[in-house]
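Visitor: Can you read through this structure? Questions will come right after.
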Amino acid sequence: MDNKVFGKRNWRILLVFGLIGQIAWAVENMYFNLFVFETIAPDLNTVTLMVQLSGVAATLTTLVAGTVSDKVGNRRAFISWGYIIWGVTVALFGMLSTEGVATAFGWDAARALGVTLALAVVCDCVMTVFGSTANDAAFNAWVTDNTAESYRGKVEGVLAILPLAAMLVVAGGFGMLVELIGYRGLFLALGAVISVCGIFGLFSVTDSKNLAKSGSLSDILYGFKPRVVRENPALYLTFSIMCVYGIACQVFMPYLIIYMKTYLGFSTLEYSVLFGFAIIVGALINLKLGALSDRLNKAKLLYIAAGLLAVGLAAMYFARFDSKLTVLLTFGVAGFVMITGYIYVSALCGALSRDHTPQGDVGKLQGVRMVFGVLIPMLIGPMIGNAINKSAGVTLPDLGSADTMTTAYIPAPGIFLVGALVALLIFALVPPLCRSLKNAKGSEE
């Protein structure tokens, strides 16, 4: 990559596809779960299974799509057409309902419920296949193709903020939209926006001049070869840190909004304001930190980032006592600290992984990144979180409402404390990463 600056055109493409993609993922991670919990059945086992199988689908898709995009030397088509079809699958998800299944097949409510839950999991995986093709495989490879190490920290800092900006839009604004137009209207509107983004890509995205056809389908497992791991120790240590970070986040993230609405009793407006405060302030701080990381040791900065994440999560565990106002304030401050660390760890790991990805192997290594950053965390994290929720056995209070299922268990505070403990494991991986980077620098000299 020879460009000395990223350029306005590339910034526009990155912001449009990055933000829309992250909004789509945020809806899947937060509102697909809430949609199932509130409109089909308050079943955290199904929520957990959705997250886990989605992680499997995302990883397998990225392994194949990333390798194929290398082989054909084309990111543009995968990004554009992937977004177009991705939008269609998001829109279709909103059509799911137990009543619709019962009417279509003439089944009783119990049988229709089981099939509807199964369809929710399947549809989520189908959506993930197209989303991962477009975003995880092609778009991420495009960013690496078009950035240079001298300004990658700044670019990665912006990329790391986009998931939080998306979370702000989704957790806040989308919550209010659900109350106005319902889940079906929300998913239809979002699906249309994603598809329009893909159409925009057909006319705006251009591939790097340095991108050339490389490899073959046999390279799907390229990144798992022992030789490749030995030759790129800094990259795989960074992936390992991403894995620990991902597990820590997935312990609590799938259940976060459900926790705030059920355990803490926050209204849509209340949790929207909290998200807004935490995300906006955290994002502003990370804009400065992203530029700083280009001048300092990115690996050592992980101590600060992981520490903020762990402290914030621990504080969220304790922010549940006293009056409603006190809980709102303390949970908001704790969330701000957590989100600051959450963004910064993501930005540092993203920059480090791009810095140490061999230029000719960008596409085929996106799948490996997904194994460490998505598959393992999304299999292990929600399993830990749901086990904590199930063991706590916290149930909804009897509100006297006919649609309140008081026997269903809800997320428990322990998910935040365990998430904090897992995040602290990053501290054990930073020293070997620093040694690896030092050795690599010494060999270059």
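Ligands are numbered from 1 in the order shown, residues from 1 within each chain, and chains are lettered A, B, ... in the order they appear in the structure tokens.
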So that I can check the surroundings of range 411-428 of chain A, please list as an MDAnalysis selection string every protein, DNA and RNA residue that reaches within 6 Å of it, counting only C-alpha atoms and ignoring chain neighbours fewer than 5 positions away.

Guide: chainID A and resid 241 245 248 251:252 259 310 313:314 317 385 389
